[in-house]
Amino acid sequence: MDYSKYFSADVPSFLRSPVREIFRKVDLSAICSFAGGYPAAVTFPLADIPGLAEKVLGRYGTKALQYGATQGVPELREVIAKRYGVPVSQVQITTSSQQGIDVCSRVFLDPGDVVLAENPVYLGALQSFRAYRARVQEISAVSARHSEHASCHSERSEESPVKFIYVIPDFNNPSGKTMTLQERQEIVRIARELDCLIVEDSPYRELRYSGEPVTTIRELAPERTLQLGSFSKIFAPGFRLGWIIGPEELLEQIYICKQCLDLCPPVFDQYLAAEFMGSGMLDANLQKSIAEYRRRRDLMVSLLEKYMPAGVSWTDPEGGLFLWLTLPPALDTVALYDKALSAGVAYVAGSFFYTDGSHRNTMRLNFSFVDEAKMEPGIKLLAALVREAAAAADATADATADAAAAAAEGGR
Ligand SMILES: Cc1ncc(COP(=O)(O)O)c(C=O)c1O
């Protein structure tokens, strides 16, 4: 049967995530995976969960198993509001921050609208923007254009409207970079000039291992920023809980939209998270997670220094879960991938995060998931594959040069 006529006009725009495809095909525990963005299982407060669950059931009984408010349970909204210094009315709980991205896309984007984003960009965000048939343009190109033109109003009327700027200012996925205060101010300046919103995606902000925190974009421009938070990396991703902090008028529409998505976020999970955050357990656990991840980051950087051949460079992130590798220009991480996987090591090709599929000589490495014991053999293996590919590329370049020289000789 041909089902194609049943699909909506949005379906051809759906983007399949190469990262999730990797998970579908490969048993992550059987290989050395630097591919996903999985937190380390040792950071999950497993031993605390039965006690938390008992407390929640004792305090709330069947209420914890019932439907709840679409905005989220008041207890969780209150602890989040207190932690981030905002009124409760500016907090909407989401069923994961991926849902936060998707609900913002659904509420603000029409087909053809423009989202300005950094390049490379988080794949999950790209999937949502594409699903609503928005166009993604690179923010740095716009920033350069704007410093050339004093006025942007004429530009805006000629082009499709920019609805929002999407950024991950702290410990970017995939690049690992953190925006300076000046860069954040520049984002705000552009947003005010274009009169658009900002979606500040911030799932990693609390995972800082070195350096000083930088003011958030929400603090710089609260009137136009929707800041997305997540429990995935500071508690456990299996709970699928996140939040949005933003102006009430915007949250009101998000609230209505969210009714049709899932009626309400998972109630039992929210009570657990409220207890975990409100009782101080989250902060205690976070300290342990930060120490663990700092060790893993330092280990990965030292192993890259030890094993990677000359011509390979990488970011040294101040936090988050990823670092970004740039190989010599002739190397292709998409082509190298199958070989790496059969050898037992996985990464994500950097070009998957570029809207135009460029930068095929880059890759994203995750340092949180792999056990420390597996990290050295994994990086050693990856470095050997890179070295081998570099030697093959050099041999091809030499052969091409020889052939060109011989052709020139023959032509004389
Ligand atoms: C930048 C970014 N935003 C959002 C998410 C989604 O997180 P959640 O588990 O809260 O859906 C991720 C997950 O890796 C991410 O890296």
# chains A, B, ... in the order shown; residues from 1 in each chain; ligands from 1
call {"tool": "select_by_dssp", "arguments": {"residues": "range 64-173 of chain A", "states": "helix (DSSP H, G or I)", "output": "PyMOL selection string"}}
result
chain A and resi 64-65+74-84+88-90+97-108+123-131+139-148+153-158
call {"tool": "write_last_selection", "arguments": {"atoms": "N, CA and C atoms", "output": "compact mmCIF listing (two decimals), in the first residue's frame"}}
result
# COMPACT_ATOMS: atom_id res chain seq x y z
N ALA A 64 -0.02 12.28 43.50
CA ALA A 64 1.22 12.13 42.72
C ALA A 64 1.00 11.26 41.49
N LEU A 65 -0.12 10.54 41.47
CA LEU A 65 -0.40 9.64 40.34
C LEU A 65 -1.51 10.18 39.44
N PRO A 74 2.76 23.26 41.37
CA PRO A 74 3.26 24.50 41.98
C PRO A 74 4.56 24.29 42.75
N GLU A 75 4.70 23.13 43.41
CA GLU A 75 5.90 22.88 44.22
C GLU A 75 7.18 22.96 43.38
N LEU A 76 7.13 22.41 42.17
CA LEU A 76 8.32 22.42 41.32
C LEU A 76 8.55 23.82 40.73
N ARG A 77 7.46 24.46 40.31
CA ARG A 77 7.61 25.82 39.76
C ARG A 77 8.21 26.74 40.83
N GLU A 78 7.77 26.54 42.08
CA GLU A 78 8.29 27.40 43.16
C GLU A 78 9.79 27.21 43.41
N VAL A 79 10.25 25.96 43.44
CA VAL A 79 11.69 25.78 43.72
C VAL A 79 12.55 26.28 42.55
N ILE A 80 12.04 26.14 41.35
CA ILE A 80 12.78 26.66 40.18
C ILE A 80 12.80 28.19 40.22
N ALA A 81 11.64 28.78 40.52
CA ALA A 81 11.55 30.25 40.59
C ALA A 81 12.53 30.79 41.64
N LYS A 82 12.59 30.11 42.79
CA LYS A 82 13.47 30.55 43.87
C LYS A 82 14.94 30.42 43.46
N ARG A 83 15.27 29.30 42.83
CA ARG A 83 16.67 29.05 42.45
C ARG A 83 17.18 30.09 41.44
N TYR A 84 16.30 30.49 40.52
CA TYR A 84 16.74 31.39 39.45
C TYR A 84 16.26 32.83 39.64
N VAL A 88 7.12 32.98 40.18
CA VAL A 88 6.58 31.66 39.79
C VAL A 88 5.80 31.77 38.47
N SER A 89 5.14 32.90 38.28
CA SER A 89 4.32 33.08 37.06
C SER A 89 5.17 33.05 35.79
N GLN A 90 6.50 33.16 35.94
CA GLN A 90 7.37 33.13 34.76
C GLN A 90 8.02 31.76 34.54
N SER A 97 13.55 19.48 27.96
CA SER A 97 13.82 20.75 27.29
C SER A 97 13.73 20.61 25.78
N GLN A 98 13.81 19.36 25.29
CA GLN A 98 13.55 19.16 23.86
C GLN A 98 12.11 19.60 23.55
N GLN A 99 11.21 19.29 24.47
CA GLN A 99 9.83 19.77 24.27
C GLN A 99 9.78 21.29 24.35
N GLY A 100 10.63 21.87 25.22
CA GLY A 100 10.70 23.34 25.30
C GLY A 100 11.05 23.94 23.94
N ILE A 101 12.04 23.35 23.28
CA ILE A 101 12.44 23.85 21.96
C ILE A 101 11.28 23.67 20.98
N ASP A 102 10.66 22.51 21.04
CA ASP A 102 9.62 22.20 20.07
C ASP A 102 8.38 23.07 20.28
N VAL A 103 8.04 23.30 21.53
CA VAL A 103 6.83 24.10 21.79
C VAL A 103 7.09 25.57 21.39
N CYS A 104 8.31 26.06 21.60
CA CYS A 104 8.63 27.42 21.15
C CYS A 104 8.54 27.48 19.62
N SER A 105 9.05 26.45 18.96
CA SER A 105 8.99 26.43 17.49
C SER A 105 7.54 26.43 17.02
N ARG A 106 6.74 25.63 17.70
CA ARG A 106 5.33 25.49 17.30
C ARG A 106 4.55 26.78 17.54
N VAL A 107 4.88 27.47 18.62
CA VAL A 107 4.13 28.69 18.96
C VAL A 107 4.59 29.89 18.12
N PHE A 108 5.88 29.92 17.76
CA PHE A 108 6.38 31.15 17.13
C PHE A 108 6.65 31.05 15.63
N LEU A 123 21.42 19.45 17.03
CA LEU A 123 20.59 18.72 16.07
C LEU A 123 19.11 18.67 16.44
N GLY A 124 18.82 18.49 17.73
CA GLY A 124 17.43 18.41 18.17
C GLY A 124 16.68 19.71 17.88
N ALA A 125 17.39 20.82 17.99
CA ALA A 125 16.77 22.12 17.69
C ALA A 125 16.51 22.22 16.19
N LEU A 126 17.52 21.82 15.42
CA LEU A 126 17.38 21.86 13.96
C LEU A 126 16.19 21.02 13.52
N GLN A 127 16.01 19.87 14.17
CA GLN A 127 14.88 19.00 13.82
C GLN A 127 13.54 19.71 14.04
N SER A 128 13.43 20.42 15.19
CA SER A 128 12.17 21.13 15.44
C SER A 128 11.97 22.28 14.46
N PHE A 129 13.02 23.07 14.23
CA PHE A 129 12.86 24.23 13.32
C PHE A 129 12.42 23.74 11.93
N ARG A 130 13.06 22.65 11.48
CA ARG A 130 12.74 22.10 10.15
C ARG A 130 11.32 21.55 10.13
N ALA A 131 10.92 20.91 11.23
CA ALA A 131 9.59 20.28 11.26
C ALA A 131 8.48 21.32 11.06
N ILE A 139 23.80 33.07 12.55
CA ILE A 139 23.78 34.34 13.26
C ILE A 139 25.02 35.19 12.96
N SER A 140 26.18 34.56 12.78
CA SER A 140 27.39 35.36 12.58
C SER A 140 27.31 36.13 11.27
N ALA A 141 26.66 35.53 10.24
CA ALA A 141 26.51 36.23 8.97
C ALA A 141 25.64 37.46 9.16
N VAL A 142 24.59 37.33 9.96
CA VAL A 142 23.69 38.45 10.21
C VAL A 142 24.41 39.52 11.02
N SER A 143 25.17 39.06 12.00
CA SER A 143 25.91 39.98 12.84
C SER A 143 26.87 40.82 11.99
N ALA A 144 27.57 40.16 11.03
CA ALA A 144 28.50 40.87 10.16
C ALA A 144 27.75 41.87 9.29
N ARG A 145 26.61 41.45 8.76
CA ARG A 145 25.81 42.32 7.90
C ARG A 145 25.36 43.56 8.67
N HIS A 146 25.02 43.32 9.93
CA HIS A 146 24.50 44.43 10.72
C HIS A 146 25.54 45.42 11.11
N SER A 147 26.79 44.96 11.25
CA SER A 147 27.79 45.97 11.55
C SER A 147 28.11 46.79 10.30
N GLU A 148 27.79 46.24 9.11
CA GLU A 148 28.02 47.00 7.88
C GLU A 148 26.90 48.03 7.65
N HIS A 153 16.08 47.95 9.53
CA HIS A 153 14.63 47.86 9.32
C HIS A 153 14.30 47.59 7.86
N SER A 154 15.04 48.23 6.95
CA SER A 154 14.75 48.04 5.54
C SER A 154 15.05 46.58 5.17
N GLU A 155 16.15 46.04 5.74
CA GLU A 155 16.50 44.64 5.43
C GLU A 155 15.38 43.72 5.86
N ARG A 156 14.86 43.99 7.06
CA ARG A 156 13.88 43.08 7.62
C ARG A 156 12.61 43.02 6.77
N SER A 157 12.21 44.21 6.25
CA SER A 157 10.97 44.21 5.48
C SER A 157 11.13 43.47 4.16
N GLU A 158 12.38 43.40 3.64
CA GLU A 158 12.59 42.68 2.37
C GLU A 158 12.64 41.18 2.59
call {"tool": "residues_around", "arguments": {"residues": "Arg224 in chain A", "least_positions_apart": "6", "cutoff": "12 Å", "atoms": "only C-alpha atoms", "output": "PyMOL selection string"}}
result
chain A and resi 163-165+187-192+194-200+217-218+245-251
call {"tool": "residues_near_ligand", "arguments": {"ligand": "ligand 1", "cutoff": "9 Å", "atoms": "only C-alpha atoms and all ligand atoms", "output": "JSON, numbers by chain"}}
result
{"A": [36, 37, 38, 94, 95, 96, 97, 98, 99, 100, 101, 121, 122, 123, 124, 125, 167, 168, 171, 172, 173, 174, 201, 202, 203, 204, 228, 229, 230, 231, 232, 233, 236, 237, 238, 239, 240, 241, 242, 243, 320, 321]}
call {"tool": "residues_around", "arguments": {"residues": "range 315-317 of chain A", "least_positions_apart": "5", "cutoff": "12 Å", "atoms": "only C-alpha atoms", "output": "VMD selection string"}}
result
chain A and resid 170 to 179 204 207 to 211 293 to 294 296 to 302 304 to 305 322 to 326 362 to 367
call {"tool": "select_by_dssp", "arguments": {"residues": "range 242-327 of chain A", "states": "strand (DSSP E or B)", "output": "number ranges by chain"}}
result
A: 242-245, 313-314, 319, 322-326
call {"tool": "closest_residue", "arguments": {"among": "A:Ile22, A:Ile244, A:Leu286, A:Val334", "to": "Val91 in chain A", "atoms": "only C-alpha atoms"}}
result
A:Ile244
call {"tool": "closest_residue", "arguments": {"among": "A:Gln287, A:Gln253, A:Thr396, A:Asn119", "to": "Gly357 in chain A", "atoms": "only C-alpha atoms"}}
result
A:Asn119
call {"tool": "atom_distance", "arguments": {"atom1": "CA of Phe14 in chain A", "atom2": "CA of Tyr132 in chain A"}}
result
8.7 Å
call {"tool": "residues_around", "arguments": {"residues": "range 377-393 of chain A", "least_positions_apart": "4", "cutoff": "6 Å", "atoms": "only C-alpha atoms", "output": "list in words"}}
result
Cys32, Tyr307 and Met308 of chain A
call {"tool": "write_last_selection", "arguments": {"atoms": "N, CA and C atoms", "output": "short mmCIF file (atom, residue, chain, number, x, y, z; two decimals), in the first residue's frame"}}
result
data_model
loop_
_atom_site.label_atom_id
_atom_site.label_comp_id
_atom_site.auth_asym_id
_atom_site.auth_seq_id
_atom_site.Cartn_x
_atom_site.Cartn_y
_atom_site.Cartn_z
N CYS A 32 33.24 1.73 22.50
CA CYS A 32 33.70 2.91 23.22
C CYS A 32 33.00 4.10 22.56
N TYR A 307 47.90 11.32 22.11
CA TYR A 307 47.80 10.40 20.98
C TYR A 307 47.52 11.02 19.62
N MET A 308 46.86 12.18 19.58
CA MET A 308 46.45 12.70 18.27
C MET A 308 47.65 13.20 17.47
#
call {"tool": "closest_residue", "arguments": {"among": "A:Ala284, A:Ala35, A:Ala134, A:Ile93", "to": "Val19 in chain A", "atoms": "only C-alpha atoms"}}
result
A:Ala35
call {"tool": "closest_residue", "arguments": {"among": "A:Lys374, A:Val115, A:Val26, A:Gly85", "to": "Glu219 in chain A", "atoms": "only C-alpha atoms"}}
result
A:Gly85
call {"tool": "closest_residue", "arguments": {"among": "A:Glu292, A:Glu21, A:Glu206, A:Tyr347", "to": "Glu372 in chain A", "atoms": "only C-alpha atoms"}}
result
A:Glu292
call {"tool": "atom_distance", "arguments": {"atom1": "CA of Phe44 in chain A", "atom2": "CA of Gly280 in chain A"}}
result
15.1 Å
call {"tool": "closest_residue", "arguments": {"among": "A:Ala346, A:Gln137, A:Asp338, A:Tyr166", "to": "Thr225 in chain A", "atoms": "only C-alpha atoms"}}
result
A:Tyr166
